[in-house]
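Below: the structure, in structure tokens.
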Amino acid sequence: MTDDPDRHAMKMAKKKAARDKIMATKTDEKGLIIVHTGKGKGKSSAAFGMIFRCIAHGMPCAVVQFIKGGMSTGERDLILSKFSDACAFHTMGEGFTWETQDRTRDTEMAQAAWAKAKELIRDETNKMVLLDEINIALRYDYLDINEVVQFLAEEKPHMTHVVLTGRNAKDELIEIADLVTEMELIKHPFRSGIKAQIGVEF
């Protein structure tokens, strides 16, 4: 069943007027703290989508990878080969915690990554800084959540966006964030015996 064209046009005009009224009240602008968490896929992929958007707009940006090691990934290879002048890229992990099996070393690497992250965030030329998988480092207490929250609240430049990804985001981080998205897992090919595949996972 379809609406009468005139009735549909009238309904859409009312919606537009209501939408325009709402949009007129949205005048503030600030750098956002953005959290991508949850068990579903797409946390880092969505974050890299924003990084590529910044690159396309000529906005300097940076990436710090906390857990992932030196394994080749599409995003990393593309940024390093084509956009290294627009996006600083630092892979500072040595692989997932079940691979390294060395808490002391993992903690040292996470602390070094956090030091680099703070340096990049303080640099106001960077319009967006992605802290990929930092939530994993926070979950295992390789980093102090209170220190991270305090830094973001007190030292992040006003117009700098910071994106933090990884499962199990801490409540303290969610509390100070401006935008939080939880990726919900409904179905995953891994459960059917399908391994991670190039172009999908990396």
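By convention in this document, the chains of the structure tokens carry letters A, B, ... by their order, each chain's residues are numbered from 1, and ligands are numbered from 1 in the order they are shown.
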
Legend entry - Shell of 12 Å around A:Met128, only C-alpha atoms, local chain residues under 4 positions omitted, as a PyMOL selection string: chain A and resi 30-34+47-55+57-64+86-88+117+120-124+156-164

Can you write just those residues out, C-alpha atoms, as a compact mmCIF listing (two decimals), in the first residue's frame?
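Saved to again_17.txt:
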```txt
# COMPACT_ATOMS: atom_id res chain seq x y z
CA LYS A 30 34.37 20.15 20.20
CA GLY A 31 36.81 17.29 19.91
CA LEU A 32 35.03 14.09 20.88
CA ILE A 33 36.05 11.13 23.01
CA ILE A 34 34.73 8.18 21.01
CA ALA A 47 37.60 3.70 13.67
CA PHE A 48 39.86 3.39 10.63
CA GLY A 49 36.95 4.60 8.52
CA MET A 50 37.08 7.85 10.49
CA ILE A 51 40.87 8.03 10.10
CA PHE A 52 40.53 7.69 6.32
CA ARG A 53 37.79 10.32 6.39
CA CYS A 54 40.19 12.70 8.16
CA ILE A 55 42.90 11.94 5.60
CA HIS A 57 39.63 16.05 4.35
CA GLY A 58 43.32 16.92 4.72
CA MET A 59 43.15 16.68 8.51
CA PRO A 60 46.38 15.40 10.12
CA CYS A 61 45.76 12.36 12.32
CA ALA A 62 47.56 9.52 14.07
CA VAL A 63 47.16 5.88 15.06
CA VAL A 64 48.65 3.98 17.99
CA ALA A 86 48.96 12.78 6.75
CA CYS A 87 48.76 10.06 9.41
CA ALA A 88 51.48 9.00 11.87
CA ALA A 117 49.57 8.34 22.53
CA LEU A 120 50.33 12.62 19.74
CA ILE A 121 47.17 13.83 21.51
CA ARG A 122 48.98 16.84 22.99
CA ASP A 123 50.10 17.82 19.47
CA GLU A 124 47.19 20.01 18.38
CA LYS A 156 43.22 16.56 25.56
CA PRO A 157 43.08 19.69 23.39
CA HIS A 158 39.55 21.01 23.01
CA MET A 159 39.25 20.30 19.27
CA THR A 160 41.07 16.94 19.14
CA HIS A 161 39.04 13.78 18.58
CA VAL A 162 40.29 10.63 20.36
CA VAL A 163 38.94 7.21 19.37
CA LEU A 164 39.46 4.23 21.70
```

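Taking the backbone of this structure through DSSP, the residues of stretch 151-196 of chain A that come out as alpha helix (DSSP H) are Phe151, Leu152, Ala153, Glu154, Asp171, Glu172, Leu173, Ile174, Glu175 and Ile176 of chain A.
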
Taking a cut-off of 12 Å and counting only C-alpha atoms, can you build a table that, for each residue of stretch 20-43 of chain A near stretch 188-191 of chain A, reports the nearest atom pair and how far apart they are in Å (one decimal), sorted by chain then residue number, as CSV?
```
residue,atom,partner,partner_atom,distance
A:Lys39,CA,A:His188,CA,10.3
A:Gly40,CA,A:His188,CA,8.3
A:Lys41,CA,A:His188,CA,8.3
A:Gly42,CA,A:His188,CA,11.7
```

Restricting the output to C-alpha atoms, write the selected residues as a PDB file, in the first residue's frame.
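selection06.pdb, freshly written:
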```pdb
ATOM      1  CA  LYS A  39      31.954  -8.438  21.283  1.00  0.00           C
ATOM      2  CA  GLY A  40      30.938  -7.833  17.685  1.00  0.00           C
ATOM      3  CA  LYS A  41      33.239  -7.203  14.732  1.00  0.00           C
ATOM      4  CA  GLY A  42      33.894  -3.777  13.281  1.00  0.00           C
TER       5      GLY A  42
END
```

Inset, instruction - Could you find all residues in stretch 160-189 of chain A that DSSP calls strand (DSSP E or B) from the backbone, and write them as JSON, numbers by chain? - result: {"A": [161, 162, 163, 164, 165, 179, 180, 181, 182]}

Written selection (C-alpha atoms) as a PDB file, in the first residue's frame:
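The new file again.pdb reads:
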```
ATOM      1  CA  HIS A 161      39.040  13.779  18.582  1.00  0.00           C
ATOM      2  CA  VAL A 162      40.288  10.628  20.359  1.00  0.00           C
ATOM      3  CA  VAL A 163      38.940   7.213  19.366  1.00  0.00           C
ATOM      4  CA  LEU A 164      39.457   4.233  21.702  1.00  0.00           C
ATOM      5  CA  THR A 165      38.667   0.697  20.561  1.00  0.00           C
ATOM      6  CA  LEU A 179      30.070   8.866  21.847  1.00  0.00           C
ATOM      7  CA  VAL A 180      29.985   5.167  22.732  1.00  0.00           C
ATOM      8  CA  THR A 181      29.071   2.399  20.310  1.00  0.00           C
ATOM      9  CA  GLU A 182      28.767  -1.229  21.362  1.00  0.00           C
TER      10      GLU A 182
END
```

Sorted by chain and rising residue number, list the residues of stretch 12-92 of chain A at most 8 Å from stretch 168-172 of chain A (counting only C-alpha atoms), each with its closest atom pair and distance in Å to one decimal, as a Markdown table.
```
| residue | atom | partner | partner_atom | distance |
| --- | --- | --- | --- | --- |
| A:Val35 | CA | A:Ala169 | CA | 7.7 |
| A:Thr37 | CA | A:Ala169 | CA | 6.0 |
| A:Gly38 | CA | A:Asn168 | CA | 6.3 |
```

Inset, instruction - For atom CA of A:Ile79 and atom CA of A:Ala137, quote the distance in Å rounded to one decimal. - result: 23.7 Å

Legend entry - atom CA of A:Gln150 to atom CA of A:Leu173, straight-line distance in Å: 9.9 Å

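Taking atom CA of A:Glu133 as the reference point, atom CA of A:Phe66 is found at 5.6 Å.
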
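Minimum distance to A:Asp141 across A:Glu119, A:Glu184, A:Glu108, A:Asp6 (counting only C-alpha atoms) occurs at A:Glu108.
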
Legend entry - Contact residues around A:Ala112 with only C-alpha atoms at 12 Å, ignoring same-chain residues under 4 positions, as an NGL selection string: :A and (64-67 or 90-94 or 105-108 or 116-119 or 137 or 142-143)
